[in-house]
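One structure is given here, and the rest of the page talks about it.
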Amino acid sequence: MGKGLENQVFIYSLGTYSFFNDEEYKIFRRIQNLKGYKKKLSKMKSDLAQDVSLTKKQIKVEKKKINTEIKKVNNGSDAEKEKGINELKKDLYKLIDNHTGIRTLRKEEMKENQVISVFDSVLSRTLEMEIDELSEDIMVIQSYHEKVLEGLIKDGFVNPDGEHYIYMSSSAGQIRQKKGVWIKKALWDEHKDSLTCGLSIDEINNSEKKGCNVNKYLSYKALIFSASEEWDYPNQNVDGFDIDKCIVVDDLELEVFSEVDYIDRDTYKIKRQKMNVPITATDGVGMMLPSVSEKNFMCRLPWIKGLLAVYDFTKHGNTKVTDIDNKVWDVVDDGISIIFTRSQWKMHAYFDSWEDYKKRFKEYNCKAAKLNEEEDDFNDGKINYQMLESLTDVSDDELKEIASSSIQDIKMLGEDKLTMLKVLGATEANERKRSFQKSLLKYPQMLNDAYSKEAIMTKKRSLVNEAKTGKLNVEGSYTFVIPDLYSFCELLFNGEAKPLLEENEVHCSLQPEGKVGILRSPHLSREWGLKENVTVSSDNLKINEYFKTDAIYVSNNSPLSKLIQNDWDGDKILVLSEHKDETLLHVAERNMRNDKIVPLYYEMEKAKAQEINDQNIYDSLILSFEANIGEISNNICKAWNSNNLDLSIIKIMCMENNFEIDFCKTLFRPIRPHHIDEKIKEYIKLKLPHFFLYDKRKNKKSRKTKLKVEATNESTVNRLERIIPKNNIHFKEVAGGTFDYRFLMNRKQIKVTEDMDIIKRYKELDKNKNKMIKANDGEFKKKGKMYVYKYIKLELLKINPNPTYITDVLIEYLYGVKNSAYKDTLWLSFGEIIERNLDRNLNEAVKCDHCGSEFRKLRGTQVACSEKCQKVRERENARLRKKKQREKSKKIA
């Protein structure tokens with residue numbers, strides 16, 4: 001696992017309400033209380049229908065009372081002269097509109113349940129934010145009140161200590177969530193040149209382009225937020241990163257003659273035609289020599305992003321190449337180890353030259369970072385409902401075969417050690433293992449503990465639900481997709497793009513030679529790429545010489561990227577083989593052939609430049625907040641699973657979805673013709689497909705108020721409901737030997753009682769943790785969960801400052817006294833200490849004289865792992881003594 005994905009820092013994630021003045025805040029809290037009461041009333045209303053003790057007449061009377069009360073909540077009560085939600089909102093927005101001056105962050109809003117964790121990044125390292133510590137250097141703010149957001153963007157805010165914060169940026173993902181990042185002004189002023197390579201807003205606005213597309217500028221500026229690890233400068237042991245060993249060249253721009261479904265974005269007419277399709281084959285990807293890295297990874301520099309693919313570009317005969325400034329370099333003599341492409345250098349138009357960028361990079365001590373390095377071991381992948389629902393011609397027998405691996409996992413849970421370890425994430429291929437998973441790998445006897453069994457039962461329920469929603473095992477892995485770099489380098493060094501891969505060929509060493517399926521998520525239209533995998537065993541021996549990583553390499557003469565809608569800047573693609581997933585690929589090939597599927601093509605809008613200023617930033621963000629990608633995606637799903645499938649409408653919605661994705665940058669949407677609008681509305685009015693009942697992300701409500709879905713039908717994914725088993729788990733002792741929880745402890749024995757302060761406080765914190773996790777409208781649950789456990793740890797350390805002692809106490813209590821099935825809080829708060837104890841104890845372990853299990857000795861004479869084994873051993877010894885005594889007696893006689 002890269003350091004950037006191990007290390008986290010904690011920051012506050014707030015809402016615009018956190019900056020209300022006292023008068024605004026009082027009204028806001030009143031509105032929130034009324035909303036909570038209204039929610040409670042609505043639940044009471046829905047629960048009435050389930051109350052079998054009431055007659056229909058009584059239910060009707062009670063519902064009428066509740067409706068009257070809800071009306072009061074909304075509109076107020078004249079009798080009591082109390083305002084309802086609607087009037088209070090008017091009062092609140094009037095106060096907001098009349099507010100003047102810079103806003104102040106309210107101290108009471110800086111609570112534990114407003115904390116999130118973010119991965120280590122260029123920004124956190126530049127600001128020297130402490131790992132696993134709460135920092136106030138930056139804050140994330142979500143917009144609930146546009147007028148407040150406007151003030152925060154234009155004026156910033158001050159914290160309770162009077163420190164001034166200014167708006168810094170929003171990533172593309174944050175824009176979709178109506179969020180941004182604010183930073184202490186003093187810190188920004190100190191570090192801005194390092195973070196921007198000295199490029200100022202004035203330079204951008206005064207350039208020939210007279211500005212930049214605002215949301216592009218914000219997302220490029222936000223590259224410093226990306227989870228990453230520092231890419232060190234070279235030393236005697238590591239090649240590292242050296243800006244002087246980098247150059248930038250032009251991209252490989254191609255026109256691929258191909259048959260496509262061309263969609264006119266004005267008329268929405270779809271025409272099947274052969275045409276030249278423009279493709280930037282190297283969009284977002286550059287190259288680095290094997291001496292820099294033997295694995296592909298993504299990189300981040302100020303205004304530079306994308307994938308760096310391992311490729312020896314010195315092996316094309318000629319070693320001279322011309323960069324984007326028309327400067328000629330000899331990659332060998334000049335020691336060039338990295339070639340970026342123009343598409344990777346996002347703000348190249350605003351620098352005088354690459355030499356200008358390099359000079360500033362060194363002058364301002366800028367940092368390079370790497371992330372998402374290619375794995376050593378690849379997890380088996382899974383297909384999802386989007387990939388499966390697009391296969392509409394599938395027999396029941398074929399579907400059973402496609403689901404067979406997932407069904408086998410469900411059946412083997414509780415009975416097979418490797419299956420249990422796999423579903424718990426305790427595998428070498430899992431690069432994000434937590435302490436519990438690492439410990440399971442080292443000491444699999446932990447599978448026999450109540451906590452592991454509970455985790456497996458929970459995972460089993462999850463596996464069943466996932467399988468019913470189309471998330472099925474396949475024998476493929478997600479890996480980087482890379483263009484034919486041989487062809488690119490032939491153009492760079494020899495003037496002609498000679499391909500190493502033909503149009504229908506790909507190369508991926510993870511799969512055997514033969515037909516492969518190539519899939520990208522999201523998968524909206526029917527986007528099954530089917531190509532021939534050429535490997536080392538093929539006649540093309542250069543494959544082995546030039547393509548040395550585990551990525552999938554794709555021909556530059558192929559329209560595959562238009563079919564699966566992939567980018568080249570770090571997208572990962574699922575690659576399946578006909579030899580391993582034969583039925584699935586056979587079905588996919590038939591579906592693609594039957595409907596004569598070809599890539600979609602339509603002309604996208606280009607983003608326009610604007611002056612970068614606070615007003616334009618605010619205006620662009622507000623317009624961008626309108627984008628709703630998820631809604632279109634859901635409507636496409638409804639179409640695939642309907643009883644009236646129209647492929648042409650799905651193609652059109654797919655086009656609209658891509659325009660919606662780009663809306664943040666282009667602020668452009670095509671206008672849907674009336675006759676198309678009517679057809680799409682037929683799908684929009686449908687409920688979600690039946691299988692969404694099993695999707696925990698969609699169906700967050702209780703069983704009594706299940707998500708409203710369509711009745712089941714014969715769509716491919718809906719049929720999984722009757723194929724996936726529901727069988728219970730029957731646990732066996734799969735991990736040979738006795739589980740000895742003392743392996744997890746530092747001391748071999750420790751006395752604990754229920755009335756110990758540590759135990760009492762632990763139980764209190766454990767009981768209340770879910771309230772903290774669920775706070776902040778779901779944000780804290782997703783990104784701040786680990787801060788809860790850090791908080792619990794710190795609270796327990798107030799009782800006793802020795803974390804090792806606290807860990808021993810909790811292990812003895814939860815494993816020894818209670819044999820608890822619920823130990824998440826223990827492992828997530830003190831897992832590293834437990835793991836360290838386990839490593840040492842396994843090295844010092846002894847074997848039981850009876851069963852051979854490893855155990856920790858409590859006393860010098862102990863030779864058995866448990867009382868059971870000790871008794872068996874004593875009986876065996878007694879039997880042997882009696883036998884010897886009888887033999888002795890016979891000899892005497």
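By convention in this document, the chains of the structure tokens carry letters A, B, ... by their order, each chain's residues are numbered from 1, and ligands are numbered from 1 in the order they are shown.
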Can you list every residue in stretch 96-222 of chain A that DSSP puts in alpha helix (DSSP H), as a VMD selection string?
chain A and resid 96 to 98 122 to 126 146 to 155 172 to 176 185 to 196 201 to 205 214 to 221
Close residues, A:Leu152 itself excluded, 8 Å, only C-alpha atoms, min 2 positions apart in chain, as a JSON list (two decimals) with N, CA and C atoms, in the first residue's frame:
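To be explicit, this is the file written out as result-v1.json:
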[["chain", "number", "residue", "atom", "x", "y", "z"],
["A", 102, "ILE", "N", -17.59, 40.18, 6.93],
["A", 102, "ILE", "CA", -17.03, 38.83, 6.88],
["A", 102, "ILE", "C", -17.66, 37.97, 7.96],
["A", 103, "ARG", "N", -17.93, 36.74, 7.63],
["A", 103, "ARG", "CA", -18.59, 35.83, 8.58],
["A", 103, "ARG", "C", -17.57, 35.16, 9.49],
["A", 148, "VAL", "N", -24.76, 32.66, 1.57],
["A", 148, "VAL", "CA", -23.66, 32.51, 2.53],
["A", 148, "VAL", "C", -22.40, 32.05, 1.79],
["A", 149, "LEU", "N", -22.58, 31.09, 0.86],
["A", 149, "LEU", "CA", -21.45, 30.62, 0.07],
["A", 149, "LEU", "C", -20.79, 31.77, -0.69],
["A", 150, "GLU", "N", -21.61, 32.64, -1.26],
["A", 150, "GLU", "CA", -21.07, 33.77, -2.01],
["A", 150, "GLU", "C", -20.16, 34.61, -1.13],
["A", 154, "LYS", "N", -16.10, 35.22, -1.61],
["A", 154, "LYS", "CA", -15.59, 36.58, -1.88],
["A", 154, "LYS", "C", -14.80, 37.15, -0.70],
["A", 155, "ASP", "N", -15.24, 36.87, 0.52],
["A", 155, "ASP", "CA", -14.62, 37.49, 1.69],
["A", 155, "ASP", "C", -13.87, 36.50, 2.57],
["A", 156, "GLY", "N", -14.11, 35.19, 2.37],
["A", 156, "GLY", "CA", -13.54, 34.22, 3.30],
["A", 156, "GLY", "C", -14.30, 34.25, 4.62],
["A", 157, "PHE", "N", -13.65, 33.80, 5.69],
["A", 157, "PHE", "CA", -14.25, 33.86, 7.02],
["A", 157, "PHE", "C", -13.13, 33.90, 8.06],
["A", 166, "ILE", "N", -9.45, 31.81, 3.36],
["A", 166, "ILE", "CA", -9.91, 32.18, 2.02],
["A", 166, "ILE", "C", -10.25, 30.92, 1.24],
["A", 167, "TYR", "N", -11.11, 31.08, 0.24],
["A", 167, "TYR", "CA", -11.48, 29.95, -0.61],
["A", 167, "TYR", "C", -10.28, 29.57, -1.47]]
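From atom CA of A:Asp569 back to atom CA of A:Arg669, the distance works out to 25.0 Å.
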Set the distance at 12 Å and use only C-alpha atoms: which residues neighbour stretch 271-275 of chain A once local chain neighbours fewer than 3 positions away are removed? I'd like the list as an MDAnalysis selection string.
chainID A and resid 255:265 267:268 278 559 596:602 648 651:652
Using only C-alpha atoms, find the one residue out of A:Glu163, A:Asp824, A:Ile650, A:Gln749 that sits nearest to A:Asp808.
A:Gln749
Can you tell me, as a list of chain:residue names, what residues are no more than 9 Å from A:Ile632 when counting only C-alpha atoms, ignoring any on the same chain fewer than 5 positions away?
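That gives A:Cys637, A:Met653, A:Cys654, A:Glu656, A:Asn657, A:Glu660, A:Ile684.
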Using DSSP on the backbone coordinates, identify the residues of stretch 76-270 of chain A assigned to strand (DSSP E or B); present them as a tab-separated table (two decimals) with C-alpha atoms, in the first residue's frame.
chain	number	residue	atom	x	y	z
A	77	SER	CA	-50.12	27.76	14.34
A	82	GLU	CA	-45.88	30.21	16.28
A	103	ARG	CA	-18.59	35.83	8.58
A	104	THR	CA	-17.25	34.08	11.67
A	115	VAL	CA	-14.51	15.85	11.56
A	116	ILE	CA	-13.54	13.88	8.47
A	117	SER	CA	-10.37	12.06	7.51
A	118	VAL	CA	-8.54	12.90	4.29
A	119	PHE	CA	-5.59	11.08	2.81
A	134	LEU	CA	-6.81	17.15	13.78
A	135	SER	CA	-5.77	20.21	11.82
A	136	GLU	CA	-7.50	23.56	11.35
A	137	ASP	CA	-5.22	24.62	8.49
A	138	ILE	CA	-7.87	23.76	5.90
A	139	MET	CA	-11.60	23.12	6.11
A	140	VAL	CA	-14.18	21.61	3.77
A	141	ILE	CA	-17.45	23.53	3.52
A	142	GLN	CA	-20.66	22.34	1.89
A	157	PHE	CA	-14.25	33.86	7.02
A	158	VAL	CA	-12.53	34.10	10.39
A	164	HIS	CA	-8.65	34.62	8.27
A	165	TYR	CA	-9.50	31.83	5.80
A	166	ILE	CA	-9.91	32.18	2.02
A	167	TYR	CA	-11.48	29.95	-0.61
A	168	MET	CA	-8.86	27.81	-2.32
A	169	SER	CA	-10.54	25.39	-4.73
A	179	LYS	CA	-18.26	21.56	-1.57
A	180	GLY	CA	-15.01	23.46	-1.51
A	181	VAL	CA	-11.79	23.81	0.46
A	182	TRP	CA	-10.86	26.90	2.48
A	183	ILE	CA	-7.35	27.55	3.80
A	184	LYS	CA	-5.80	29.90	6.31
A	212	CYS	CA	-9.32	30.11	-18.22
A	229	GLU	CA	2.88	9.89	-1.51
A	230	GLU	CA	5.86	12.16	-2.07
A	246	CYS	CA	11.70	15.49	-17.87
A	247	ILE	CA	10.50	16.85	-21.20
A	248	VAL	CA	7.05	17.47	-22.71
A	249	VAL	CA	6.09	16.38	-26.25
A	253	GLU	CA	-3.61	12.86	-32.55
A	254	LEU	CA	-5.31	10.35	-34.85
A	255	GLU	CA	-8.39	9.92	-36.97
A	256	VAL	CA	-9.59	6.32	-36.84
A	257	PHE	CA	-11.86	5.30	-39.71
A	258	SER	CA	-14.64	3.31	-38.08
A	259	GLU	CA	-18.31	2.45	-38.19
A	260	VAL	CA	-20.15	4.36	-35.46
A	261	ASP	CA	-23.62	5.42	-34.38
A	262	TYR	CA	-23.34	9.16	-34.94
A	263	ILE	CA	-25.76	11.15	-32.77
A	270	ILE	CA	-28.84	8.50	-34.78
Polymer residues at most 8 Å from stretch 517-526 of chain A, only C-alpha atoms, same-chain spacing of 3 or more positions, as a PDB file with N, CA, C and O atoms, in the first residue's frame:
ATOM      1  N   GLN A 386     -24.536  -2.806 -13.955  1.00  0.00           N
ATOM      2  CA  GLN A 386     -24.553  -2.070 -15.216  1.00  0.00           C
ATOM      3  C   GLN A 386     -24.008  -2.926 -16.352  1.00  0.00           C
ATOM      4  O   GLN A 386     -24.527  -2.898 -17.472  1.00  0.00           O
ATOM      5  N   MET A 387     -22.945  -3.672 -16.063  1.00  0.00           N
ATOM      6  CA  MET A 387     -22.362  -4.537 -17.091  1.00  0.00           C
ATOM      7  C   MET A 387     -23.289  -5.686 -17.440  1.00  0.00           C
ATOM      8  O   MET A 387     -23.416  -6.082 -18.604  1.00  0.00           O
ATOM      9  N   SER A 390     -26.925  -4.923 -19.353  1.00  0.00           N
ATOM     10  CA  SER A 390     -26.865  -4.627 -20.786  1.00  0.00           C
ATOM     11  C   SER A 390     -26.855  -5.897 -21.634  1.00  0.00           C
ATOM     12  O   SER A 390     -26.976  -5.828 -22.858  1.00  0.00           O
ATOM     13  N   LEU A 391     -26.704  -7.066 -20.978  1.00  0.00           N
ATOM     14  CA  LEU A 391     -26.779  -8.351 -21.686  1.00  0.00           C
ATOM     15  C   LEU A 391     -28.204  -8.865 -21.557  1.00  0.00           C
ATOM     16  O   LEU A 391     -28.573  -9.509 -20.583  1.00  0.00           O
ATOM     17  N   GLY A 529     -16.207  -4.463 -24.748  1.00  0.00           N
ATOM     18  CA  GLY A 529     -15.111  -4.519 -25.701  1.00  0.00           C
ATOM     19  C   GLY A 529     -14.618  -5.948 -25.840  1.00  0.00           C
ATOM     20  O   GLY A 529     -14.292  -6.589 -24.840  1.00  0.00           O
ATOM     21  N   LEU A 530     -14.569  -6.476 -27.046  1.00  0.00           N
ATOM     22  CA  LEU A 530     -14.127  -7.849 -27.293  1.00  0.00           C
ATOM     23  C   LEU A 530     -12.973  -7.812 -28.284  1.00  0.00           C
ATOM     24  O   LEU A 530     -13.146  -7.386 -29.440  1.00  0.00           O
ATOM     25  N   LYS A 531     -11.800  -8.220 -27.835  1.00  0.00           N
ATOM     26  CA  LYS A 531     -10.590  -8.152 -28.652  1.00  0.00           C
ATOM     27  C   LYS A 531      -9.778  -9.433 -28.503  1.00  0.00           C
ATOM     28  O   LYS A 531     -10.031 -10.256 -27.619  1.00  0.00           O
ATOM     29  N   ILE A 564     -15.958   1.921 -24.949  1.00  0.00           N
ATOM     30  CA  ILE A 564     -16.030   1.757 -23.487  1.00  0.00           C
ATOM     31  C   ILE A 564     -15.876   3.084 -22.753  1.00  0.00           C
ATOM     32  O   ILE A 564     -15.945   3.119 -21.530  1.00  0.00           O
ATOM     33  N   GLN A 565     -15.679   4.175 -23.517  1.00  0.00           N
ATOM     34  CA  GLN A 565     -15.650   5.532 -22.954  1.00  0.00           C
ATOM     35  C   GLN A 565     -14.530   5.710 -21.911  1.00  0.00           C
ATOM     36  O   GLN A 565     -14.723   6.354 -20.882  1.00  0.00           O
ATOM     37  N   ASN A 566     -13.366   5.143 -22.190  1.00  0.00           N
ATOM     38  CA  ASN A 566     -12.271   5.274 -21.224  1.00  0.00           C
ATOM     39  C   ASN A 566     -11.403   6.487 -21.503  1.00  0.00           C
ATOM     40  O   ASN A 566     -11.315   6.981 -22.629  1.00  0.00           O
ATOM     41  N   LYS A 572      -8.800   2.375 -14.903  1.00  0.00           N
ATOM     42  CA  LYS A 572      -8.536   0.943 -14.771  1.00  0.00           C
ATOM     43  C   LYS A 572      -9.680   0.166 -15.412  1.00  0.00           C
ATOM     44  O   LYS A 572     -10.847   0.506 -15.259  1.00  0.00           O
ATOM     45  N   ILE A 573      -9.293  -0.887 -16.128  1.00  0.00           N
ATOM     46  CA  ILE A 573     -10.208  -1.655 -16.958  1.00  0.00           C
ATOM     47  C   ILE A 573     -10.239  -3.094 -16.459  1.00  0.00           C
ATOM     48  O   ILE A 573      -9.208  -3.658 -16.096  1.00  0.00           O
ATOM     49  N   LEU A 574     -11.434  -3.671 -16.428  1.00  0.00           N
ATOM     50  CA  LEU A 574     -11.577  -5.083 -16.080  1.00  0.00           C
ATOM     51  C   LEU A 574     -11.355  -5.927 -17.336  1.00  0.00           C
ATOM     52  O   LEU A 574     -12.021  -5.721 -18.350  1.00  0.00           O
ATOM     53  N   VAL A 575     -10.401  -6.860 -17.257  1.00  0.00           N
ATOM     54  CA  VAL A 575     -10.058  -7.701 -18.405  1.00  0.00           C
ATOM     55  C   VAL A 575     -10.427  -9.152 -18.089  1.00  0.00           C
ATOM     56  O   VAL A 575      -9.949  -9.726 -17.109  1.00  0.00           O
ATOM     57  N   LEU A 576     -11.297  -9.741 -18.909  1.00  0.00           N
ATOM     58  CA  LEU A 576     -11.770 -11.115 -18.725  1.00  0.00           C
ATOM     59  C   LEU A 576     -11.306 -11.970 -19.892  1.00  0.00           C
ATOM     60  O   LEU A 576     -11.132 -11.470 -21.005  1.00  0.00           O
ATOM     61  N   SER A 577     -11.128 -13.260 -19.649  1.00  0.00           N
ATOM     62  CA  SER A 577     -10.658 -14.172 -20.685  1.00  0.00           C
ATOM     63  C   SER A 577     -11.717 -15.213 -21.034  1.00  0.00           C
ATOM     64  O   SER A 577     -12.446 -15.691 -20.168  1.00  0.00           O
ATOM     65  N   GLU A 578     -11.775 -15.572 -22.319  1.00  0.00           N
ATOM     66  CA  GLU A 578     -12.690 -16.626 -22.753  1.00  0.00           C
ATOM     67  C   GLU A 578     -12.327 -17.975 -22.136  1.00  0.00           C
ATOM     68  O   GLU A 578     -13.158 -18.880 -22.062  1.00  0.00           O
ATOM     69  N   LEU A 585     -18.354 -14.376 -21.615  1.00  0.00           N
ATOM     70  CA  LEU A 585     -17.885 -13.774 -22.857  1.00  0.00           C
ATOM     71  C   LEU A 585     -18.680 -14.268 -24.063  1.00  0.00           C
ATOM     72  O   LEU A 585     -18.906 -13.510 -25.021  1.00  0.00           O
ATOM     73  N   MET A 592     -23.626  -8.480 -28.406  1.00  0.00           N
ATOM     74  CA  MET A 592     -23.020  -7.434 -29.241  1.00  0.00           C
ATOM     75  C   MET A 592     -23.320  -7.700 -30.721  1.00  0.00           C
ATOM     76  O   MET A 592     -23.628  -6.777 -31.483  1.00  0.00           O
ATOM     77  N   ILE A 597     -23.802  -3.876 -32.299  1.00  0.00           N
ATOM     78  CA  ILE A 597     -23.367  -2.731 -31.506  1.00  0.00           C
ATOM     79  C   ILE A 597     -22.052  -2.173 -32.029  1.00  0.00           C
ATOM     80  O   ILE A 597     -21.094  -2.919 -32.277  1.00  0.00           O
ATOM     81  N   SER A 633     -28.125   8.294 -14.893  1.00  0.00           N
ATOM     82  CA  SER A 633     -27.655   6.914 -14.770  1.00  0.00           C
ATOM     83  C   SER A 633     -28.772   5.995 -14.277  1.00  0.00           C
ATOM     84  O   SER A 633     -28.957   4.885 -14.788  1.00  0.00           O
ATOM     85  N   ILE A 636     -31.270   5.333 -17.076  1.00  0.00           N
ATOM     86  CA  ILE A 636     -30.751   4.342 -18.021  1.00  0.00           C
ATOM     87  C   ILE A 636     -30.960   2.942 -17.462  1.00  0.00           C
ATOM     88  O   ILE A 636     -31.350   2.011 -18.179  1.00  0.00           O
ATOM     89  N   CYS A 637     -30.720   2.803 -16.161  1.00  0.00           N
ATOM     90  CA  CYS A 637     -30.932   1.515 -15.496  1.00  0.00           C
ATOM     91  C   CYS A 637     -32.403   1.094 -15.583  1.00  0.00           C
ATOM     92  O   CYS A 637     -32.711  -0.073 -15.824  1.00  0.00           O
ATOM     93  N   ILE A 650     -31.596   4.475 -25.034  1.00  0.00           N
ATOM     94  CA  ILE A 650     -30.463   4.286 -24.111  1.00  0.00           C
ATOM     95  C   ILE A 650     -29.215   4.979 -24.662  1.00  0.00           C
ATOM     96  O   ILE A 650     -28.467   5.630 -23.918  1.00  0.00           O
ATOM     97  N   LYS A 651     -28.977   4.870 -25.954  1.00  0.00           N
ATOM     98  CA  LYS A 651     -27.827   5.543 -26.563  1.00  0.00           C
ATOM     99  C   LYS A 651     -27.917   7.060 -26.377  1.00  0.00           C
ATOM    100  O   LYS A 651     -26.929   7.730 -26.074  1.00  0.00           O
ATOM    101  N   CYS A 654     -27.256   7.985 -22.813  1.00  0.00           N
ATOM    102  CA  CYS A 654     -25.822   7.864 -22.566  1.00  0.00           C
ATOM    103  C   CYS A 654     -25.107   9.140 -23.022  1.00  0.00           C
ATOM    104  O   CYS A 654     -24.228   9.660 -22.330  1.00  0.00           O
TER     105      CYS A 654
END
